[in-house]
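As provided, protein09.cif (mmCIF, C-alpha atoms) reads as follows.
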```
data_run
#
loop_
_atom_site.group_PDB
_atom_site.id
_atom_site.type_symbol
_atom_site.label_atom_id
_atom_site.label_comp_id
_atom_site.auth_asym_id
_atom_site.auth_seq_id
_atom_site.Cartn_x
_atom_site.Cartn_y
_atom_site.Cartn_z
ATOM 1 C CA MET I 1 35.181 -219.001 -1.143
ATOM 2 C CA ASP I 2 35.452 -217.873 -4.772
ATOM 3 C CA GLN I 3 39.183 -217.327 -4.643
ATOM 4 C CA ALA I 4 39.672 -221.047 -3.874
ATOM 5 C CA LYS I 5 37.365 -222.332 -6.567
ATOM 6 C CA GLY I 6 39.940 -221.671 -9.278
ATOM 7 C CA GLN I 7 42.735 -223.468 -7.377
ATOM 8 C CA ARG I 8 43.440 -227.120 -7.943
ATOM 9 C CA LEU I 9 42.683 -229.093 -4.807
ATOM 10 C CA ILE I 10 45.891 -231.057 -4.408
ATOM 11 C CA LEU I 11 48.830 -231.290 -2.048
ATOM 12 C CA THR I 12 51.854 -229.173 -2.966
ATOM 13 C CA ALA I 13 55.290 -230.683 -3.616
ATOM 14 C CA PRO I 14 56.820 -229.624 -0.229
ATOM 15 C CA ASP I 15 53.864 -231.221 1.583
ATOM 16 C CA ILE I 16 54.365 -234.481 -0.280
ATOM 17 C CA VAL I 17 58.112 -234.463 0.489
ATOM 18 C CA LEU I 18 57.440 -233.819 4.205
ATOM 19 C CA LEU I 19 54.761 -236.535 4.373
ATOM 20 C CA THR I 20 57.150 -239.017 2.743
ATOM 21 C CA LEU I 21 59.976 -238.014 5.126
ATOM 22 C CA LEU I 22 57.616 -238.697 8.049
ATOM 23 C CA LEU I 23 57.035 -242.226 6.780
ATOM 24 C CA VAL I 24 60.795 -242.829 6.287
ATOM 25 C CA THR I 25 61.555 -241.520 9.805
ATOM 26 C CA THR I 26 58.914 -243.789 11.322
ATOM 27 C CA ILE I 27 60.185 -246.893 9.519
ATOM 28 C CA ALA I 28 63.772 -246.127 10.660
ATOM 29 C CA LEU I 29 62.484 -245.572 14.199
ATOM 30 C CA ALA I 30 60.625 -248.901 14.206
ATOM 31 C CA ARG I 31 63.713 -250.845 13.076
ATOM 32 C CA LEU I 32 66.274 -249.358 15.503
ATOM 33 C CA ARG I 33 67.091 -251.062 18.805
ATOM 34 C CA ASN I 34 69.099 -248.313 20.498
ATOM 35 C CA LEU I 35 66.476 -246.443 22.523
ATOM 36 C CA VAL I 36 68.401 -243.138 22.582
ATOM 37 C CA ALA I 37 68.464 -243.147 18.776
ATOM 38 C CA VAL I 38 64.761 -244.076 18.703
ATOM 39 C CA ILE I 39 63.914 -241.089 20.921
ATOM 40 C CA MET I 40 66.005 -238.749 18.751
ATOM 41 C CA LEU I 41 64.084 -239.957 15.700
ATOM 42 C CA LEU I 42 60.811 -239.433 17.580
ATOM 43 C CA GLY I 43 61.906 -235.822 18.173
ATOM 44 C CA LEU I 44 62.672 -235.472 14.473
ATOM 45 C CA TYR I 45 59.238 -236.952 13.671
ATOM 46 C CA SER I 46 57.565 -234.308 15.883
ATOM 47 C CA LEU I 47 59.605 -231.515 14.291
ATOM 48 C CA LEU I 48 58.720 -232.650 10.746
ATOM 49 C CA MET I 49 55.089 -232.763 11.860
ATOM 50 C CA ALA I 50 55.363 -229.171 13.154
ATOM 51 C CA VAL I 51 56.807 -227.950 9.827
ATOM 52 C CA LEU I 52 54.018 -229.722 7.942
ATOM 53 C CA TRP I 53 51.374 -228.108 10.146
ATOM 54 C CA VAL I 54 52.711 -224.633 9.394
ATOM 55 C CA SER I 55 52.109 -225.494 5.754
ATOM 56 C CA PHE I 56 48.588 -226.721 6.673
ATOM 57 C CA ASP I 57 47.790 -223.319 8.307
ATOM 58 C CA ALA I 58 47.693 -224.704 11.867
ATOM 59 C CA VAL I 59 50.420 -222.418 13.241
ATOM 60 C CA ASP I 60 49.317 -222.590 16.898
ATOM 61 C CA VAL I 61 49.410 -226.391 16.834
ATOM 62 C CA ALA I 62 52.759 -226.334 15.028
ATOM 63 C CA PHE I 63 54.566 -224.342 17.695
ATOM 64 C CA THR I 64 52.947 -226.334 20.489
ATOM 65 C CA GLU I 65 54.099 -229.560 18.821
ATOM 66 C CA ALA I 66 57.618 -228.163 18.318
ATOM 67 C CA ALA I 67 57.849 -227.109 21.983
ATOM 68 C CA VAL I 68 55.968 -229.953 23.658
ATOM 69 C CA GLY I 69 56.279 -232.885 21.230
ATOM 70 C CA ALA I 70 59.840 -232.328 20.045
ATOM 71 C CA GLY I 71 61.056 -230.616 23.233
ATOM 72 C CA VAL I 72 59.425 -231.730 26.490
ATOM 73 C CA THR I 73 58.554 -235.303 25.433
ATOM 74 C CA THR I 74 62.097 -235.917 24.147
ATOM 75 C CA ILE I 75 63.628 -234.651 27.396
ATOM 76 C CA LEU I 76 61.259 -236.745 29.551
ATOM 77 C CA MET I 77 61.965 -239.863 27.504
ATOM 78 C CA LEU I 78 65.752 -239.363 27.586
ATOM 79 C CA ALA I 79 65.569 -238.933 31.368
ATOM 80 C CA ALA I 80 63.597 -242.187 31.632
ATOM 81 C CA VAL I 81 66.004 -244.059 29.349
ATOM 82 C CA ALA I 82 68.897 -242.930 31.557
ATOM 83 C CA LEU I 83 67.145 -244.825 34.387
ATOM 84 C CA ILE I 84 66.009 -247.960 32.534
ATOM 85 C CA GLY I 85 68.895 -248.716 30.139
ATOM 86 C CA ARG I 86 69.279 -247.832 26.503
ATOM 87 C CA GLU I 87 69.209 -251.178 24.652
ATOM 88 C CA GLU I 88 66.104 -253.001 23.532
ATOM 89 C CA LYS I 89 66.625 -256.782 23.665
ATOM 90 C CA PRO I 90 66.086 -258.751 20.443
ATOM 91 C CA HIS I 91 62.540 -260.098 20.597
ATOM 92 C CA ARG I 92 61.745 -263.772 20.419
ATOM 93 C CA HIS I 93 58.228 -263.520 19.060
ATOM 94 C CA ASN I 94 57.281 -264.082 15.463
ATOM 95 C CA PRO I 95 56.287 -260.628 14.091
ATOM 96 C CA LEU I 96 54.033 -262.186 11.431
ATOM 97 C CA GLY I 97 50.824 -262.149 13.517
ATOM 98 C CA PRO I 98 50.988 -258.451 14.500
ATOM 99 C CA LEU I 99 52.084 -257.545 10.949
ATOM 100 C CA LEU I 100 49.016 -259.293 9.542
ATOM 101 C CA ILE I 101 46.669 -257.458 11.942
ATOM 102 C CA VAL I 102 48.306 -254.096 11.160
ATOM 103 C CA VAL I 103 48.197 -254.569 7.375
ATOM 104 C CA ALA I 104 44.540 -255.683 7.489
ATOM 105 C CA THR I 105 43.536 -252.694 9.662
ATOM 106 C CA GLY I 106 45.517 -250.299 7.462
ATOM 107 C CA ALA I 107 43.952 -251.688 4.275
ATOM 108 C CA ALA I 108 40.447 -251.280 5.721
ATOM 109 C CA LEU I 109 41.206 -247.666 6.739
ATOM 110 C CA ILE I 110 42.724 -246.797 3.341
ATOM 111 C CA TYR I 111 39.665 -248.314 1.643
ATOM 112 C CA ALA I 112 37.523 -245.994 3.794
ATOM 113 C CA THR I 113 39.403 -242.868 2.593
ATOM 114 C CA ALA I 114 38.125 -243.376 -0.977
ATOM 115 C CA GLU I 115 34.972 -241.451 -0.087
ATOM 116 C CA MET I 116 36.789 -238.672 1.830
ATOM 117 C CA PRO I 117 36.717 -235.132 0.355
ATOM 118 C CA ARG I 118 39.888 -234.129 -1.511
ATOM 119 C CA PHE I 119 42.642 -232.410 0.451
ATOM 120 C CA GLY I 120 41.901 -228.688 0.885
ATOM 121 C CA ASP I 121 38.351 -228.848 -0.497
ATOM 122 C CA PRO I 122 36.488 -225.686 0.708
ATOM 123 C CA ASP I 123 33.161 -227.517 0.185
ATOM 124 C CA ALA I 124 34.097 -230.421 2.490
ATOM 125 C CA PRO I 125 31.531 -231.086 5.264
ATOM 126 C CA ALA I 126 34.109 -230.100 7.924
ATOM 127 C CA GLN I 127 34.212 -226.574 6.453
ATOM 128 C CA GLN I 128 30.414 -226.121 6.200
ATOM 129 C CA HIS I 129 29.099 -226.173 9.778
ATOM 130 C CA VAL I 130 30.148 -224.500 13.056
ATOM 131 C CA ALA I 131 33.537 -223.302 11.740
ATOM 132 C CA PRO I 132 32.142 -220.414 9.581
ATOM 133 C CA ARG I 133 30.338 -219.104 12.684
ATOM 134 C CA TYR I 134 33.615 -218.799 14.604
ATOM 135 C CA ILE I 135 35.526 -217.430 11.605
ATOM 136 C CA GLU I 136 32.936 -214.716 10.906
ATOM 137 C CA ASP I 137 31.903 -213.716 14.434
ATOM 138 C CA GLY I 138 34.830 -214.873 16.599
ATOM 139 C CA PRO I 139 37.197 -211.900 16.156
ATOM 140 C CA ARG I 140 34.313 -209.410 16.544
ATOM 141 C CA GLU I 141 32.765 -211.052 19.620
ATOM 142 C CA THR I 142 35.969 -211.734 21.554
ATOM 143 C CA GLY I 143 38.244 -208.988 20.239
ATOM 144 C CA VAL I 144 40.976 -211.569 19.575
ATOM 145 C CA PRO I 145 42.120 -211.702 15.943
ATOM 146 C CA ASN I 146 43.442 -215.264 16.309
ATOM 147 C CA MET I 147 40.392 -217.505 15.979
ATOM 148 C CA VAL I 148 42.114 -220.508 17.548
ATOM 149 C CA THR I 149 42.858 -218.483 20.682
ATOM 150 C CA ALA I 150 39.320 -217.067 20.642
ATOM 151 C CA VAL I 151 37.780 -220.557 20.704
ATOM 152 C CA LEU I 152 40.330 -222.028 23.114
ATOM 153 C CA ALA I 153 40.410 -219.291 25.724
ATOM 154 C CA SER I 154 37.004 -217.659 25.365
ATOM 155 C CA TYR I 155 34.260 -219.857 23.895
ATOM 156 C CA ARG I 156 35.687 -223.077 25.318
ATOM 157 C CA GLY I 157 37.519 -221.602 28.292
ATOM 158 C CA TYR I 158 36.130 -224.239 30.665
ATOM 159 C CA ASP I 159 37.574 -227.010 28.487
ATOM 160 C CA THR I 160 40.974 -225.358 28.757
ATOM 161 C CA LEU I 161 40.532 -225.269 32.518
ATOM 162 C CA GLY I 162 39.811 -229.015 32.321
ATOM 163 C CA GLU I 163 42.995 -229.433 30.321
ATOM 164 C CA ILE I 164 44.974 -227.794 33.115
ATOM 165 C CA THR I 165 43.313 -230.230 35.529
ATOM 166 C CA VAL I 166 44.671 -233.069 33.374
ATOM 167 C CA ILE I 167 48.225 -231.707 33.628
ATOM 168 C CA PHE I 168 47.811 -231.220 37.382
ATOM 169 C CA THR I 169 46.552 -234.808 37.808
ATOM 170 C CA ALA I 170 49.420 -236.156 35.696
ATOM 171 C CA GLY I 171 51.899 -234.157 37.802
ATOM 172 C CA ILE I 172 50.481 -235.620 41.026
ATOM 173 C CA ALA I 173 50.526 -239.149 39.538
ATOM 174 C CA VAL I 174 54.191 -238.841 38.528
ATOM 175 C CA MET I 175 55.115 -237.474 41.974
ATOM 176 C CA LEU I 176 53.287 -240.323 43.733
ATOM 177 C CA LEU I 177 54.863 -242.957 41.481
ATOM 178 C CA ILE I 178 58.469 -241.759 41.668
ATOM 179 C CA GLY I 179 58.928 -238.828 44.054
ATOM 180 C CA ALA I 180 57.326 -240.179 47.236
ATOM 181 C CA ARG I 181 59.215 -243.483 47.009
ATOM 182 C CA ARG I 182 62.562 -241.748 46.592
ATOM 183 C CA ARG I 183 61.982 -239.634 49.694
ATOM 184 C CA LYS I 184 61.029 -242.696 51.756
ATOM 185 C CA ARG I 185 64.197 -244.502 50.703
ATOM 186 C CA GLU I 186 66.341 -241.495 51.644
ATOM 187 C CA GLY I 187 64.577 -241.443 55.053
ATOM 188 C CA ASP I 188 65.552 -245.094 55.686
ATOM 189 C CA GLN I 189 69.254 -244.465 55.189
ATOM 190 C CA MET P 190 42.892 -243.864 -6.668
ATOM 191 C CA ASP P 191 43.214 -240.156 -6.072
ATOM 192 C CA VAL P 192 46.895 -239.891 -5.096
ATOM 193 C CA LEU P 193 47.320 -236.112 -4.901
ATOM 194 C CA GLY P 194 43.993 -235.547 -3.168
ATOM 195 C CA HIS P 195 44.279 -238.349 -0.605
ATOM 196 C CA TYR P 196 48.037 -238.813 0.022
ATOM 197 C CA ASN P 197 47.770 -236.981 3.384
ATOM 198 C CA TYR P 198 45.142 -239.462 4.603
ATOM 199 C CA TRP P 199 47.189 -242.449 3.431
ATOM 200 C CA ILE P 200 50.354 -241.249 5.157
ATOM 201 C CA SER P 201 48.556 -240.594 8.436
ATOM 202 C CA ILE P 202 47.031 -244.093 8.269
ATOM 203 C CA ALA P 203 50.456 -245.619 7.478
ATOM 204 C CA LEU P 204 51.971 -243.764 10.482
ATOM 205 C CA MET P 205 49.098 -244.885 12.723
ATOM 206 C CA MET P 206 49.661 -248.483 11.664
ATOM 207 C CA ALA P 207 53.429 -248.202 12.291
ATOM 208 C CA GLY P 208 52.659 -246.979 15.822
ATOM 209 C CA PHE P 209 50.052 -249.727 16.274
ATOM 210 C CA TYR P 210 52.618 -252.331 15.153
ATOM 211 C CA LEU P 211 55.176 -251.101 17.701
ATOM 212 C CA VAL P 212 52.569 -251.287 20.472
ATOM 213 C CA ILE P 213 51.454 -254.864 19.742
ATOM 214 C CA ALA P 214 54.653 -256.472 18.380
ATOM 215 C CA ARG P 215 57.455 -255.167 20.629
ATOM 216 C CA ALA P 216 58.129 -256.448 24.133
ATOM 217 C CA ASN P 217 60.129 -253.403 25.307
ATOM 218 C CA LEU P 218 57.802 -251.052 27.219
ATOM 219 C CA MET P 219 59.721 -247.948 26.125
ATOM 220 C CA LYS P 220 59.334 -248.948 22.474
ATOM 221 C CA LYS P 221 55.603 -249.499 23.031
ATOM 222 C CA LEU P 222 55.314 -245.982 24.446
ATOM 223 C CA VAL P 223 57.179 -244.552 21.432
ATOM 224 C CA GLY P 224 54.683 -246.428 19.223
ATOM 225 C CA LEU P 225 51.798 -244.905 21.157
ATOM 226 C CA ASN P 226 53.278 -241.424 20.615
ATOM 227 C CA VAL P 227 53.699 -242.060 16.880
ATOM 228 C CA PHE P 228 50.061 -243.204 16.688
ATOM 229 C CA GLN P 229 48.784 -240.130 18.548
ATOM 230 C CA THR P 230 50.713 -237.653 16.417
ATOM 231 C CA ALA P 231 49.481 -239.422 13.264
ATOM 232 C CA VAL P 232 45.882 -238.896 14.434
ATOM 233 C CA PHE P 233 46.707 -235.202 14.962
ATOM 234 C CA LEU P 234 48.002 -235.067 11.368
ATOM 235 C CA LEU P 235 44.703 -236.525 10.114
ATOM 236 C CA TYR P 236 42.699 -233.821 11.920
ATOM 237 C CA ILE P 237 44.959 -230.940 10.882
ATOM 238 C CA SER P 238 44.972 -231.983 7.232
ATOM 239 C CA ILE P 239 41.146 -232.099 7.254
ATOM 240 C CA GLY P 240 41.116 -228.460 8.466
ATOM 241 C CA LYS P 241 43.223 -227.094 5.590
ATOM 242 C CA VAL P 242 41.368 -225.085 2.936
ATOM 243 C CA SER P 243 43.136 -224.641 -0.414
ATOM 244 C CA GLY P 244 44.032 -220.992 -0.985
ATOM 245 C CA GLY P 245 43.146 -220.204 2.638
ATOM 246 C CA THR P 246 45.455 -218.661 5.214
ATOM 247 C CA ALA P 247 46.094 -219.310 8.925
ATOM 248 C CA PRO P 248 42.950 -218.423 10.937
ATOM 249 C CA ILE P 249 44.137 -215.035 12.215
ATOM 250 C CA ALA P 250 41.846 -212.167 11.179
ATOM 251 C CA LYS P 251 43.588 -209.527 9.064
ATOM 252 C CA GLU P 252 42.414 -206.910 6.564
ATOM 253 C CA GLY P 253 42.645 -208.131 3.003
ATOM 254 C CA PHE P 254 42.070 -211.827 3.724
ATOM 255 C CA THR P 255 38.678 -213.464 3.337
ATOM 256 C CA LEU P 256 39.433 -217.179 3.194
ATOM 257 C CA TYR P 257 40.744 -218.857 6.334
ATOM 258 C CA SER P 258 41.531 -222.490 7.113
ATOM 259 C CA ASN P 259 39.329 -224.190 9.702
ATOM 260 C CA PRO P 260 40.372 -223.168 13.267
ATOM 261 C CA LEU P 261 38.421 -225.963 15.020
ATOM 262 C CA PRO P 262 40.772 -228.921 14.319
ATOM 263 C CA SER P 263 43.620 -226.744 15.666
ATOM 264 C CA VAL P 264 41.709 -226.129 18.906
ATOM 265 C CA LEU P 265 40.933 -229.842 19.360
ATOM 266 C CA ILE P 266 44.510 -230.898 18.661
ATOM 267 C CA LEU P 267 46.056 -228.247 20.946
ATOM 268 C CA THR P 268 44.131 -229.851 23.810
ATOM 269 C CA ALA P 269 45.072 -233.330 22.585
ATOM 270 C CA ILE P 270 48.824 -232.492 22.514
ATOM 271 C CA VAL P 271 48.701 -231.435 26.165
ATOM 272 C CA VAL P 272 46.810 -234.598 27.148
ATOM 273 C CA SER P 273 49.326 -236.646 25.143
ATOM 274 C CA VAL P 274 52.358 -235.220 26.978
ATOM 275 C CA SER P 275 50.620 -235.762 30.348
ATOM 276 C CA MET P 276 49.949 -239.370 29.395
ATOM 277 C CA THR P 277 53.564 -239.834 28.292
ATOM 278 C CA ALA P 278 54.845 -238.466 31.609
ATOM 279 C CA VAL P 279 52.656 -240.845 33.668
ATOM 280 C CA ALA P 280 53.557 -243.807 31.427
ATOM 281 C CA LEU P 281 57.285 -243.046 31.816
ATOM 282 C CA ALA P 282 56.899 -242.872 35.594
ATOM 283 C CA ILE P 283 55.164 -246.281 35.553
ATOM 284 C CA ILE P 284 57.935 -247.741 33.344
ATOM 285 C CA VAL P 285 60.614 -246.443 35.730
ATOM 286 C CA ARG P 286 58.740 -248.028 38.676
ATOM 287 C CA ILE P 287 58.402 -251.343 36.789
ATOM 288 C CA ARG P 288 62.131 -251.278 36.133
ATOM 289 C CA GLU P 289 62.807 -250.703 39.857
ATOM 290 C CA ALA P 290 60.488 -253.563 40.866
ATOM 291 C CA TYR P 291 61.381 -256.174 38.208
ATOM 292 C CA GLY P 292 64.848 -255.093 37.026
ATOM 293 C CA THR P 293 63.714 -255.205 33.402
ATOM 294 C CA VAL P 294 61.352 -253.404 30.995
ATOM 295 C CA GLU P 295 60.867 -256.355 28.608
ATOM 296 C CA GLU P 296 57.267 -257.534 28.780
ATOM 297 C CA ASP P 297 58.001 -261.273 28.361
ATOM 298 C CA GLU P 298 60.603 -261.238 31.177
ATOM 299 C CA ILE P 299 58.148 -259.427 33.467
ATOM 300 C CA LEU P 300 55.469 -262.055 32.724
ATOM 301 C CA GLU P 301 57.981 -264.868 33.414
ATOM 302 C CA GLN P 302 58.821 -263.341 36.801
ATOM 303 C CA ASP P 303 55.121 -263.003 37.621
ATOM 304 C CA GLU P 304 54.475 -266.664 36.805
ATOM 305 C CA ALA P 305 57.524 -267.946 38.675
#
```
Show the structure stored in the file as structure tokens.
Amino acid sequence: MDQAKGQRLILTAPDIVLLTLLLVTTIALARLRNLVAVIMLLGLYSLLMAVLWVSFDAVDVAFTEAAVGAGVTTILMLAAVALIGREEKPHRHNPLGPLLIVVATGAALIYATAEMPRFGDPDAPAQQHVAPRYIEDGPRETGVPNMVTAVLASYRGYDTLGEITVIFTAGIAVMLLIGARRRKREGDQ
Amino acid sequence: MDVLGHYNYWISIALMMAGFYLVIARANLMKKLVGLNVFQTAVFLLYISIGKVSGGTAPIAKEGFTLYSNPLPSVLILTAIVVSVSMTAVALAIIVRIREAYGTVEEDEILEQDEA
């Protein structure tokens, strides 16, 4: 802990640039009507997120996001857009109502961050409980140097099993929604 | 206003609100789903930025390092990413089925057809 005490607890310049780029990408994405372009920007958004997370020391999450968020999700969405058409129609509603709700919610949330610990604070409540136990004893107890893997696959192995159940259920749902119908139609011909 | 200490929180809230706006303001179902994805990833950013410890390193044990960032947000978000892609896949399948049944993915046109 002592080696951090001397450091200033602020975001570094690359982090600030990446965070700002994320906001710019999202605004561009919200304004575009061509769905293929929107999905490309969503992929870019995921990739920027992954780069930022490497900087925030969450390397496991970063490569999962780069593979799953920027890779698999983009491919799935492009495949869906190929089936449903790539243009969003101009909307007839007045956007003022939703904008008002969003700005009010955002303002309330930003107001709530005033009491949050500063970015990177080693004395923040999130760093005080539970986590030190896994950092100190995790590698010794499980024999895995990567603490994220140790928690995911060893301490909380049943949760990861549950996660696989979620993927399995989603796979079955997608097959029932699309696959079964296609086969029936082919059978009719 | 603590800009350099809280900018990460503000950006994740701004991204969440952009996603929220897309979900409630747009009629195109695909655009709503993109908004939902933006919102989810923004929540992940909030968690990951809470786990960062200044001067710390990635939570992989190695001789010569004593200060590690918090591994627990990473574990939570790894699970959340997998759930998020499963949800996206099911939502896309439902959108494709809606398009087959109604011939459109615009919410107002679908509602018109239902009322007619």
Item to complete: Please determine the contact residues of chain P with respect to chain I at a cut-off of 7 Å, counting only C-alpha atoms, and supply them as a PyMOL selection string.
Response: chain P and resi 193-195+198-200+202-204+206+209-211+213-214+216-217+237-239+241-244+246-250+256+258-261+263-264+266-268+272+274-275+278-279+281-283+285-286+288
Mind writing the picked residues with C-alpha atoms as a PDB file, keeping the file's coordinate frame?
```pdb
ATOM      1  CA  LEU P 193      47.320-236.112  -4.901  1.00  0.00           C
ATOM      2  CA  GLY P 194      43.993-235.547  -3.168  1.00  0.00           C
ATOM      3  CA  HIS P 195      44.279-238.349  -0.605  1.00  0.00           C
ATOM      4  CA  TYR P 198      45.142-239.462   4.603  1.00  0.00           C
ATOM      5  CA  TRP P 199      47.189-242.449   3.431  1.00  0.00           C
ATOM      6  CA  ILE P 200      50.354-241.249   5.157  1.00  0.00           C
ATOM      7  CA  ILE P 202      47.031-244.093   8.269  1.00  0.00           C
ATOM      8  CA  ALA P 203      50.456-245.619   7.478  1.00  0.00           C
ATOM      9  CA  LEU P 204      51.971-243.764  10.482  1.00  0.00           C
ATOM     10  CA  MET P 206      49.661-248.483  11.664  1.00  0.00           C
ATOM     11  CA  PHE P 209      50.052-249.727  16.274  1.00  0.00           C
ATOM     12  CA  TYR P 210      52.618-252.331  15.153  1.00  0.00           C
ATOM     13  CA  LEU P 211      55.176-251.101  17.701  1.00  0.00           C
ATOM     14  CA  ILE P 213      51.454-254.864  19.742  1.00  0.00           C
ATOM     15  CA  ALA P 214      54.653-256.472  18.380  1.00  0.00           C
ATOM     16  CA  ALA P 216      58.129-256.448  24.133  1.00  0.00           C
ATOM     17  CA  ASN P 217      60.129-253.403  25.307  1.00  0.00           C
ATOM     18  CA  ILE P 237      44.959-230.940  10.882  1.00  0.00           C
ATOM     19  CA  SER P 238      44.972-231.983   7.232  1.00  0.00           C
ATOM     20  CA  ILE P 239      41.146-232.099   7.254  1.00  0.00           C
ATOM     21  CA  LYS P 241      43.223-227.094   5.590  1.00  0.00           C
ATOM     22  CA  VAL P 242      41.368-225.085   2.936  1.00  0.00           C
ATOM     23  CA  SER P 243      43.136-224.641  -0.414  1.00  0.00           C
ATOM     24  CA  GLY P 244      44.032-220.992  -0.985  1.00  0.00           C
ATOM     25  CA  THR P 246      45.455-218.661   5.214  1.00  0.00           C
ATOM     26  CA  ALA P 247      46.094-219.310   8.925  1.00  0.00           C
ATOM     27  CA  PRO P 248      42.950-218.423  10.937  1.00  0.00           C
ATOM     28  CA  ILE P 249      44.137-215.035  12.215  1.00  0.00           C
ATOM     29  CA  ALA P 250      41.846-212.167  11.179  1.00  0.00           C
ATOM     30  CA  LEU P 256      39.433-217.179   3.194  1.00  0.00           C
ATOM     31  CA  SER P 258      41.531-222.490   7.113  1.00  0.00           C
ATOM     32  CA  ASN P 259      39.329-224.190   9.702  1.00  0.00           C
ATOM     33  CA  PRO P 260      40.372-223.168  13.267  1.00  0.00           C
ATOM     34  CA  LEU P 261      38.421-225.963  15.020  1.00  0.00           C
ATOM     35  CA  SER P 263      43.620-226.744  15.666  1.00  0.00           C
ATOM     36  CA  VAL P 264      41.709-226.129  18.906  1.00  0.00           C
ATOM     37  CA  ILE P 266      44.510-230.898  18.661  1.00  0.00           C
ATOM     38  CA  LEU P 267      46.056-228.247  20.946  1.00  0.00           C
ATOM     39  CA  THR P 268      44.131-229.851  23.810  1.00  0.00           C
ATOM     40  CA  VAL P 272      46.810-234.598  27.148  1.00  0.00           C
ATOM     41  CA  VAL P 274      52.358-235.220  26.978  1.00  0.00           C
ATOM     42  CA  SER P 275      50.620-235.762  30.348  1.00  0.00           C
ATOM     43  CA  ALA P 278      54.845-238.466  31.609  1.00  0.00           C
ATOM     44  CA  VAL P 279      52.656-240.845  33.668  1.00  0.00           C
ATOM     45  CA  LEU P 281      57.285-243.046  31.816  1.00  0.00           C
ATOM     46  CA  ALA P 282      56.899-242.872  35.594  1.00  0.00           C
ATOM     47  CA  ILE P 283      55.164-246.281  35.553  1.00  0.00           C
ATOM     48  CA  VAL P 285      60.614-246.443  35.730  1.00  0.00           C
ATOM     49  CA  ARG P 286      58.740-248.028  38.676  1.00  0.00           C
ATOM     50  CA  ARG P 288      62.131-251.278  36.133  1.00  0.00           C
TER      51      ARG P 288
END
```
Fill in: One-decimal distance in Å that lies between CA of Leu234 (chain P) and CA of Leu44 (chain I)
15.0 Å
Fill in: Neighbour list for Ala70 (chain I) as a VMD selection string, cut-off 6 Å, only C-alpha atoms, skip fewer than 2 positions in-chain
chain I and resid 43 46 to 47 66 to 68 74
Worksheet entry | Atomic distance CA of Leu300 (chain P) - CA of Gly224 (chain P), expressed in Å with one decimal |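 Value for the CA of Leu300 (chain P)-CA of Gly224 (chain P) distance: 20.7 Å.
Note that CA of Glu252 (chain P) and CA of Gly143 (chain I) are 14.4 Å apart.
Using all atoms listed in the file, the nearest neighbour of Lys220 (chain P) within the list P:Ser273, P:Leu235, P:Pro262, P:Val294 is P:Val294.
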Worksheet item: With all atoms listed in the file as the basis for distance, which of P:Ala207, P:Asn226, P:Ile299, P:Met219 is at the shortest distance from Met276 (chain P)?
Response: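 Closest to Met276 (chain P) of all the choices is P:Asn226.
The closest residue to Val271 (chain P), picked from P:Val212, P:Gln229, P:Thr255, P:Leu218 and counting all atoms listed in the file, is P:Gln229.
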